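**Q** Pasting a structure below so you can have a look.
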Amino acid sequence: MVYSDFCRTNIEFVNTQRLQDSCLKLPYQKLALILSEQACVRYELEKFVDELEKQYELLWMKESVSYPTQGMLKIGLDTLRNFKPEAILAIGGGSAIDFAKGMKAFYNPGEEMSAEAITELLQKKEIRENRMDIIAVPTTAGTGAEVTKWATIWDDDKNCKYSIDHDTLKPDKAYIVPEFVAKADRKLTITTGLDSIAHAMEAYWSKKTSPLVRALARESIRMSVCYLEQILKKPEDVSLREKQCVASVLSGLAFSMTRTTACHSISYPLTMKYQIPHGTAVAMTLAQVAEHNHGNYEGEEELLALFAECGGIRTYLERVCGAEVSLRLRDYQITQEMITDIAHSSFTLGRMDNNPTELDAWDVAEILKATY
């Protein structure tokens, strides 16, 4: 029997001081740090980095990482090959943590890795096994990257997106710091909150769902629906942000057992080709896919009941987004003539075929037209 663990990540909720104290006691000599210079200033971590440099032989990777590609991984791997770290400490959003996972996936201290070789491994879904640990410190609440075993790598030529998927890519440790999340602006708070809700909903109706998954997903959605609008009114309230973080971790645990479904599959070309932020792109079709899945998954009434007091899924999403975030394709320079091409580019194996109802290109086009 092949065993896949539920959650090998040691998850700890901490404040900034506890984070710093804990990170300065990690059992390593050589540590790679992923933390952009902008994030270092935003989260007031300059003195912390100074202390890390005193405590460890430290490699600080300062470049901002947004939607990591093969080219970015090659540059990172070239640096790691000479440094040979025992662990990577990744502080940032989901992309920073995905970048760390990508480097762990393809790191071999004796091997020079070209972008073409990385692409070939991505296509073959192969990785290089090593003992390098990952410590994840998410600064947003929504991606779930701190508890999942996969990472998204975006094609340099914007032809496709790749997914790395291996049990060893689950972070060994995750520090959840609500104070960092409290620094997110309104738009980022909304889009990451939408991503968290989508992860939970898609896990709930996935073909691979289970009673445990549905329980985690329901609580995650309940908390998001209850608190996200409160957070938008009191964005610096750390106690509210902690609840947002809990909802995000729960949704991450839920979809770590199922993967996502049609909404994420449809979102990939929207993000890759038209630069629509990931959380927005996923939420665009959430209500429409829920309607398409009607009557085809267990516990549907319990899921829909979570949105009943808000007037339903579509009404809730539009209310949360307000004037800051549009869920309409027309607001992203997408014309109706582009929809057919987007629909045909929306089929990612392991995502679209994980949906409880089958969708073809015509179905996806109709869903997209409903979001126009």
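Ligands are numbered from 1 in the order shown, chains are lettered A, B, ... in the order of the structure tokens, and residues start at 1 in each chain.
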Please identify all polymer residues within 12 Å of Gly94 in chain A, counting only C-alpha atoms, omitting same-chain residues fewer than 3 positions from it, and present them as a VMD selection string.
**A** chain A and resid 34 65 to 68 90 to 91 97 to 101 136 to 148 150 to 153 192 195 to 196 248 252 278 to 279
**Q** For the residues in that selection, give me C-alpha atoms as a PDB file, in the first residue's frame.
**A**
```pdb
ATOM      1  CA  ILE A  34      13.488  33.680   0.545  1.00  0.00           C
ATOM      2  CA  VAL A  65       8.871  36.280  -6.667  1.00  0.00           C
ATOM      3  CA  SER A  66       5.481  36.470  -8.333  1.00  0.00           C
ATOM      4  CA  TYR A  67       4.254  33.426 -10.277  1.00  0.00           C
ATOM      5  CA  PRO A  68       7.565  31.457 -10.389  1.00  0.00           C
ATOM      6  CA  ALA A  90      10.363  31.129   2.826  1.00  0.00           C
ATOM      7  CA  ILE A  91       8.606  34.260   4.066  1.00  0.00           C
ATOM      8  CA  ILE A  97       6.479  29.287  -0.881  1.00  0.00           C
ATOM      9  CA  ASP A  98       5.912  27.684  -4.303  1.00  0.00           C
ATOM     10  CA  PHE A  99       9.341  28.995  -5.334  1.00  0.00           C
ATOM     11  CA  ALA A 100      10.877  27.241  -2.325  1.00  0.00           C
ATOM     12  CA  LYS A 101       9.069  24.022  -3.219  1.00  0.00           C
ATOM     13  CA  ALA A 136       7.042  28.278   5.382  1.00  0.00           C
ATOM     14  CA  VAL A 137       5.896  31.620   6.783  1.00  0.00           C
ATOM     15  CA  PRO A 138       2.881  32.771   4.750  1.00  0.00           C
ATOM     16  CA  THR A 139       2.215  36.513   4.774  1.00  0.00           C
ATOM     17  CA  THR A 140      -1.226  36.152   3.201  1.00  0.00           C
ATOM     18  CA  ALA A 141      -4.198  33.981   4.172  1.00  0.00           C
ATOM     19  CA  GLY A 142      -5.620  32.054   1.261  1.00  0.00           C
ATOM     20  CA  THR A 143      -3.225  29.979  -0.806  1.00  0.00           C
ATOM     21  CA  GLY A 144      -2.765  27.074   1.623  1.00  0.00           C
ATOM     22  CA  ALA A 145       0.764  26.603   0.220  1.00  0.00           C
ATOM     23  CA  GLU A 146       2.118  26.110   3.740  1.00  0.00           C
ATOM     24  CA  VAL A 147       0.327  22.746   4.125  1.00  0.00           C
ATOM     25  CA  THR A 148       0.133  21.296   0.590  1.00  0.00           C
ATOM     26  CA  TRP A 150       2.320  20.835  -4.665  1.00  0.00           C
ATOM     27  CA  ALA A 151       3.427  24.043  -6.285  1.00  0.00           C
ATOM     28  CA  THR A 152       2.429  25.901  -9.429  1.00  0.00           C
ATOM     29  CA  ILE A 153       5.167  26.822 -11.908  1.00  0.00           C
ATOM     30  CA  THR A 192      -6.692  35.785  -1.013  1.00  0.00           C
ATOM     31  CA  ASP A 195      -8.907  31.846  -3.017  1.00  0.00           C
ATOM     32  CA  SER A 196      -9.422  30.303   0.419  1.00  0.00           C
ATOM     33  CA  SER A 248      -7.101  29.525   5.237  1.00  0.00           C
ATOM     34  CA  GLY A 252      -5.526  24.237   2.687  1.00  0.00           C
ATOM     35  CA  HIS A 278      -5.227  34.175  -9.126  1.00  0.00           C
ATOM     36  CA  GLY A 279      -7.824  34.575  -6.366  1.00  0.00           C
TER      37      GLY A 279
END
```
**Q** Give me every helix (DSSP H, G or I) residue in range 20-110 of chain A, going by DSSP on the backbone, as a ChimeraX atom specification.
**A** /A:20-23,37-42,46-55,70-83,94-106
**Q** Quick one: residues within 10 Å of range 229-239 of chain A, only C-alpha atoms counted, chain neighbours fewer than 3 positions away excluded, as a ChimeraX atom specification?
**A** /A:15,177-187,189-190,224-226,242-245,316,319-321
**Q** Using only C-alpha atoms, which residues sit within 10 Å of range 303-306 of chain A once same-chain residues fewer than 6 positions away are excluded, as number ranges by chain?
**A** A: 201, 204-205, 214, 217-219, 221-223, 225-226, 290, 312-313
**Q** Please list as an mmCIF file with all heavy atoms, in the first residue's frame every residue within 8 Å of range 158-170 of chain A, counting only C-alpha atoms and excluding residues in the same chain fewer than 2 positions away.
**A**
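Once everything was written out, this is out.cif:
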```cif
data_model
loop_
_atom_site.group_PDB
_atom_site.id
_atom_site.type_symbol
_atom_site.label_atom_id
_atom_site.label_comp_id
_atom_site.auth_asym_id
_atom_site.auth_seq_id
_atom_site.Cartn_x
_atom_site.Cartn_y
_atom_site.Cartn_z
ATOM 1 N N SER A 4 0.073 8.048 1.831
ATOM 2 C CA SER A 4 0.244 9.487 1.695
ATOM 3 C C SER A 4 -0.283 10.139 2.961
ATOM 4 O O SER A 4 -1.463 10.003 3.293
ATOM 5 C CB SER A 4 -0.521 10.008 0.475
ATOM 6 O OG SER A 4 -0.366 11.403 0.346
ATOM 7 N N ASP A 5 0.602 10.827 3.690
ATOM 8 C CA ASP A 5 0.181 11.369 4.976
ATOM 9 C C ASP A 5 -0.796 12.526 4.811
ATOM 10 O O ASP A 5 -0.823 13.203 3.802
ATOM 11 C CB ASP A 5 1.382 11.797 5.823
ATOM 12 C CG ASP A 5 2.317 12.753 5.086
ATOM 13 O OD1 ASP A 5 1.890 13.361 4.103
ATOM 14 O OD2 ASP A 5 3.471 12.876 5.517
ATOM 15 N N ARG A 8 1.943 16.335 7.274
ATOM 16 C CA ARG A 8 3.248 16.166 7.916
ATOM 17 C C ARG A 8 3.807 17.492 8.411
ATOM 18 O O ARG A 8 4.834 17.531 9.077
ATOM 19 C CB ARG A 8 4.237 15.522 6.948
ATOM 20 C CG ARG A 8 4.625 16.420 5.768
ATOM 21 C CD ARG A 8 5.518 15.688 4.781
ATOM 22 N NE ARG A 8 6.802 15.381 5.347
ATOM 23 C CZ ARG A 8 7.869 16.171 5.274
ATOM 24 N NH1 ARG A 8 7.770 17.346 4.683
ATOM 25 N NH2 ARG A 8 9.009 15.809 5.785
ATOM 26 N N THR A 9 3.130 18.599 8.075
ATOM 27 C CA THR A 9 3.630 19.921 8.443
ATOM 28 C C THR A 9 3.318 20.228 9.899
ATOM 29 O O THR A 9 2.179 20.086 10.346
ATOM 30 C CB THR A 9 2.991 20.998 7.552
ATOM 31 O OG1 THR A 9 3.206 20.662 6.179
ATOM 32 C CG2 THR A 9 3.578 22.369 7.839
ATOM 33 N N LYS A 101 9.383 25.412 -2.876
ATOM 34 C CA LYS A 101 9.069 24.022 -3.219
ATOM 35 C C LYS A 101 9.699 23.640 -4.556
ATOM 36 O O LYS A 101 10.194 22.520 -4.736
ATOM 37 C CB LYS A 101 7.558 23.825 -3.283
ATOM 38 C CG LYS A 101 6.850 23.932 -1.941
ATOM 39 C CD LYS A 101 5.346 23.767 -2.139
ATOM 40 C CE LYS A 101 4.574 23.877 -0.839
ATOM 41 N NZ LYS A 101 3.114 23.747 -1.055
ATOM 42 N N GLY A 102 9.655 24.583 -5.514
ATOM 43 C CA GLY A 102 10.251 24.310 -6.817
ATOM 44 C C GLY A 102 11.746 24.062 -6.722
ATOM 45 O O GLY A 102 12.290 23.166 -7.382
ATOM 46 N N LYS A 104 13.351 22.974 -4.031
ATOM 47 C CA LYS A 104 13.547 21.677 -3.384
ATOM 48 C C LYS A 104 13.313 20.541 -4.378
ATOM 49 O O LYS A 104 14.048 19.545 -4.389
ATOM 50 C CB LYS A 104 12.610 21.514 -2.183
ATOM 51 C CG LYS A 104 12.740 20.131 -1.517
ATOM 52 C CD LYS A 104 11.892 20.000 -0.284
ATOM 53 C CE LYS A 104 11.894 18.555 0.228
ATOM 54 N NZ LYS A 104 13.219 18.079 0.670
ATOM 55 N N ALA A 105 12.306 20.707 -5.231
ATOM 56 C CA ALA A 105 11.954 19.644 -6.177
ATOM 57 C C ALA A 105 13.088 19.339 -7.153
ATOM 58 O O ALA A 105 13.270 18.182 -7.554
ATOM 59 C CB ALA A 105 10.700 20.041 -6.949
ATOM 60 N N LEU A 122 9.385 18.916 -15.341
ATOM 61 C CA LEU A 122 8.003 19.316 -15.076
ATOM 62 C C LEU A 122 7.036 18.523 -15.948
ATOM 63 O O LEU A 122 5.981 18.076 -15.485
ATOM 64 C CB LEU A 122 7.836 20.817 -15.336
ATOM 65 C CG LEU A 122 8.452 21.764 -14.307
ATOM 66 C CD1 LEU A 122 8.511 23.181 -14.857
ATOM 67 C CD2 LEU A 122 7.659 21.737 -13.003
ATOM 68 N N GLN A 123 7.398 18.350 -17.196
ATOM 69 C CA GLN A 123 6.537 17.603 -18.116
ATOM 70 C C GLN A 123 6.453 16.131 -17.741
ATOM 71 O O GLN A 123 5.394 15.506 -17.853
ATOM 72 C CB GLN A 123 7.053 17.758 -19.545
ATOM 73 C CG GLN A 123 6.886 19.174 -20.097
ATOM 74 C CD GLN A 123 7.627 19.379 -21.410
ATOM 75 O OE1 GLN A 123 8.551 18.635 -21.755
ATOM 76 N NE2 GLN A 123 7.228 20.410 -22.154
ATOM 77 N N LYS A 125 6.860 15.080 -14.717
ATOM 78 C CA LYS A 125 6.430 15.040 -13.316
ATOM 79 C C LYS A 125 7.435 14.272 -12.463
ATOM 80 O O LYS A 125 7.079 13.435 -11.626
ATOM 81 C CB LYS A 125 5.016 14.454 -13.188
ATOM 82 C CG LYS A 125 3.960 15.284 -13.923
ATOM 83 C CD LYS A 125 2.567 14.817 -13.620
ATOM 84 C CE LYS A 125 1.541 15.671 -14.342
ATOM 85 N NZ LYS A 125 1.591 17.088 -13.920
ATOM 86 N N ILE A 134 11.876 22.647 4.286
ATOM 87 C CA ILE A 134 11.210 23.904 3.976
ATOM 88 C C ILE A 134 10.485 24.396 5.222
ATOM 89 O O ILE A 134 9.702 23.655 5.828
ATOM 90 C CB ILE A 134 10.188 23.745 2.828
ATOM 91 C CG1 ILE A 134 10.885 23.340 1.525
ATOM 92 C CG2 ILE A 134 9.409 25.049 2.617
ATOM 93 C CD1 ILE A 134 9.911 23.058 0.375
ATOM 94 N N GLU A 146 1.327 26.538 2.584
ATOM 95 C CA GLU A 146 2.118 26.110 3.740
ATOM 96 C C GLU A 146 1.786 24.696 4.202
ATOM 97 O O GLU A 146 2.514 24.133 5.018
ATOM 98 C CB GLU A 146 1.938 27.098 4.900
ATOM 99 C CG GLU A 146 0.552 27.122 5.514
ATOM 100 C CD GLU A 146 -0.436 28.033 4.791
ATOM 101 O OE1 GLU A 146 -0.111 28.527 3.688
ATOM 102 O OE2 GLU A 146 -1.539 28.240 5.335
ATOM 103 N N VAL A 147 0.698 24.090 3.678
ATOM 104 C CA VAL A 147 0.327 22.746 4.125
ATOM 105 C C VAL A 147 0.089 21.772 2.970
ATOM 106 O O VAL A 147 -0.335 20.642 3.201
ATOM 107 C CB VAL A 147 -0.939 22.775 5.029
ATOM 108 C CG1 VAL A 147 -0.648 23.499 6.333
ATOM 109 C CG2 VAL A 147 -2.134 23.387 4.313
ATOM 110 N N THR A 148 0.375 22.183 1.731
ATOM 111 C CA THR A 148 0.133 21.296 0.590
ATOM 112 C C THR A 148 1.439 20.758 0.018
ATOM 113 O O THR A 148 2.514 21.294 0.274
ATOM 114 C CB THR A 148 -0.635 22.020 -0.529
ATOM 115 O OG1 THR A 148 0.144 23.131 -1.006
ATOM 116 C CG2 THR A 148 -1.979 22.512 -0.031
ATOM 117 N N LYS A 149 1.310 19.715 -0.790
ATOM 118 C CA LYS A 149 2.487 19.037 -1.329
ATOM 119 C C LYS A 149 2.757 19.409 -2.781
ATOM 120 O O LYS A 149 3.529 18.742 -3.458
ATOM 121 C CB LYS A 149 2.316 17.519 -1.216
ATOM 122 C CG LYS A 149 1.183 16.943 -2.068
ATOM 123 C CD LYS A 149 1.154 15.421 -1.959
ATOM 124 C CE LYS A 149 0.094 14.816 -2.868
ATOM 125 N NZ LYS A 149 0.128 13.333 -2.839
ATOM 126 N N TRP A 150 2.107 20.452 -3.273
ATOM 127 C CA TRP A 150 2.320 20.835 -4.665
ATOM 128 C C TRP A 150 2.626 22.311 -4.790
ATOM 129 O O TRP A 150 2.429 23.092 -3.875
ATOM 130 C CB TRP A 150 1.108 20.482 -5.535
ATOM 131 C CG TRP A 150 -0.206 20.851 -4.943
ATOM 132 C CD1 TRP A 150 -0.748 22.095 -4.798
ATOM 133 C CD2 TRP A 150 -1.158 19.950 -4.391
ATOM 134 N NE1 TRP A 150 -1.960 22.034 -4.196
ATOM 135 C CE2 TRP A 150 -2.247 20.711 -3.939
ATOM 136 C CE3 TRP A 150 -1.202 18.560 -4.251
ATOM 137 C CZ2 TRP A 150 -3.367 20.145 -3.343
ATOM 138 C CZ3 TRP A 150 -2.318 17.999 -3.652
ATOM 139 C CH2 TRP A 150 -3.379 18.778 -3.205
ATOM 140 N N ALA A 151 3.124 22.655 -5.973
ATOM 141 C CA ALA A 151 3.427 24.043 -6.285
ATOM 142 C C ALA A 151 3.105 24.291 -7.749
ATOM 143 O O ALA A 151 3.216 23.381 -8.581
ATOM 144 C CB ALA A 151 4.897 24.349 -6.016
ATOM 145 N N THR A 152 2.710 25.514 -8.049
ATOM 146 C CA THR A 152 2.429 25.901 -9.429
ATOM 147 C C THR A 152 3.634 26.632 -10.002
ATOM 148 O O THR A 152 4.139 27.580 -9.405
ATOM 149 C CB THR A 152 1.191 26.805 -9.504
ATOM 150 O OG1 THR A 152 0.045 26.064 -9.063
ATOM 151 C CG2 THR A 152 0.948 27.285 -10.927
ATOM 152 N N ILE A 153 4.091 26.171 -11.175
ATOM 153 C CA ILE A 153 5.167 26.822 -11.908
ATOM 154 C C ILE A 153 4.586 27.284 -13.241
ATOM 155 O O ILE A 153 3.989 26.496 -13.980
ATOM 156 C CB ILE A 153 6.355 25.860 -12.149
ATOM 157 C CG1 ILE A 153 6.826 25.240 -10.824
ATOM 158 C CG2 ILE A 153 7.489 26.594 -12.856
ATOM 159 C CD1 ILE A 153 7.289 26.232 -9.780
ATOM 160 N N TRP A 154 4.760 28.567 -13.525
ATOM 161 C CA TRP A 154 4.159 29.166 -14.719
ATOM 162 C C TRP A 154 5.167 29.171 -15.856
ATOM 163 O O TRP A 154 6.328 29.539 -15.676
ATOM 164 C CB TRP A 154 3.680 30.583 -14.408
ATOM 165 C CG TRP A 154 2.692 30.597 -13.286
ATOM 166 C CD1 TRP A 154 2.967 30.642 -11.951
ATOM 167 C CD2 TRP A 154 1.271 30.512 -13.382
ATOM 168 N NE1 TRP A 154 1.806 30.597 -11.209
ATOM 169 C CE2 TRP A 154 0.746 30.519 -12.064
ATOM 170 C CE3 TRP A 154 0.384 30.443 -14.454
ATOM 171 C CZ2 TRP A 154 -0.615 30.454 -11.801
ATOM 172 C CZ3 TRP A 154 -0.979 30.385 -14.199
ATOM 173 C CH2 TRP A 154 -1.468 30.382 -12.887
ATOM 174 N N ASP A 155 4.738 28.758 -17.022
ATOM 175 C CA ASP A 155 5.619 28.647 -18.181
ATOM 176 C C ASP A 155 6.192 30.011 -18.566
ATOM 177 O O ASP A 155 5.472 31.004 -18.640
ATOM 178 C CB ASP A 155 4.831 28.058 -19.355
ATOM 179 C CG ASP A 155 5.707 27.813 -20.556
ATOM 180 O OD1 ASP A 155 6.765 27.184 -20.399
ATOM 181 O OD2 ASP A 155 5.347 28.261 -21.660
ATOM 182 N N ASP A 156 7.512 30.061 -18.825
ATOM 183 C CA ASP A 156 8.151 31.318 -19.237
ATOM 184 C C ASP A 156 7.503 31.897 -20.492
ATOM 185 O O ASP A 156 7.409 33.119 -20.651
ATOM 186 C CB ASP A 156 9.644 31.079 -19.516
ATOM 187 C CG ASP A 156 10.478 31.103 -18.245
ATOM 188 O OD1 ASP A 156 10.326 32.062 -17.461
ATOM 189 O OD2 ASP A 156 11.280 30.179 -18.035
ATOM 190 N N ASP A 172 8.048 21.345 6.141
ATOM 191 C CA ASP A 172 8.271 20.640 7.397
ATOM 192 C C ASP A 172 7.692 21.432 8.570
ATOM 193 O O ASP A 172 7.217 20.846 9.547
ATOM 194 C CB ASP A 172 9.770 20.418 7.600
ATOM 195 C CG ASP A 172 10.368 19.595 6.477
ATOM 196 O OD1 ASP A 172 10.382 18.366 6.588
ATOM 197 O OD2 ASP A 172 10.776 20.195 5.458
ATOM 198 N N TYR A 268 -6.561 29.192 -14.799
ATOM 199 C CA TYR A 268 -5.153 29.236 -15.178
ATOM 200 C C TYR A 268 -4.883 30.089 -16.425
ATOM 201 O O TYR A 268 -3.990 30.941 -16.400
ATOM 202 C CB TYR A 268 -4.602 27.816 -15.340
ATOM 203 C CG TYR A 268 -4.589 27.037 -14.038
ATOM 204 C CD1 TYR A 268 -5.005 25.712 -13.982
ATOM 205 C CD2 TYR A 268 -4.163 27.632 -12.851
ATOM 206 C CE1 TYR A 268 -5.003 24.997 -12.794
ATOM 207 C CE2 TYR A 268 -4.166 26.924 -11.645
ATOM 208 C CZ TYR A 268 -4.587 25.609 -11.634
ATOM 209 O OH TYR A 268 -4.583 24.908 -10.444
ATOM 210 N N PRO A 269 -5.613 29.911 -17.533
ATOM 211 C CA PRO A 269 -5.350 30.800 -18.675
ATOM 212 C C PRO A 269 -5.715 32.253 -18.385
ATOM 213 O O PRO A 269 -5.109 33.162 -18.959
ATOM 214 C CB PRO A 269 -6.225 30.212 -19.796
ATOM 215 C CG PRO A 269 -7.258 29.393 -19.116
ATOM 216 C CD PRO A 269 -6.596 28.860 -17.886
ATOM 217 N N MET A 272 -2.540 33.403 -16.551
ATOM 218 C CA MET A 272 -1.324 33.309 -17.343
ATOM 219 C C MET A 272 -1.340 34.250 -18.557
ATOM 220 O O MET A 272 -0.349 34.929 -18.837
ATOM 221 C CB MET A 272 -1.138 31.865 -17.817
ATOM 222 C CG MET A 272 0.135 31.602 -18.588
ATOM 223 S SD MET A 272 0.459 29.831 -18.743
ATOM 224 C CE MET A 272 -1.118 29.240 -19.379
ATOM 225 N N LYS A 273 -2.475 34.317 -19.249
ATOM 226 C CA LYS A 273 -2.531 35.089 -20.487
ATOM 227 C C LYS A 273 -3.039 36.516 -20.297
ATOM 228 O O LYS A 273 -2.707 37.407 -21.081
ATOM 229 C CB LYS A 273 -3.427 34.368 -21.505
ATOM 230 C CG LYS A 273 -2.883 33.015 -21.943
ATOM 231 C CD LYS A 273 -3.780 32.388 -22.996
ATOM 232 C CE LYS A 273 -3.219 31.045 -23.462
ATOM 233 N NZ LYS A 273 -4.072 30.422 -24.516
#
```
**Q** Just checking: using only C-alpha atoms, which residue out of A:Arg351, A:Lys74, A:Lys84, A:Lys173 ends up closest to Ser22 in chain A?
**A**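 Ranking A:Arg351, A:Lys74, A:Lys84, A:Lys173 by distance to Ser22 in chain A, first place goes to A:Lys173.
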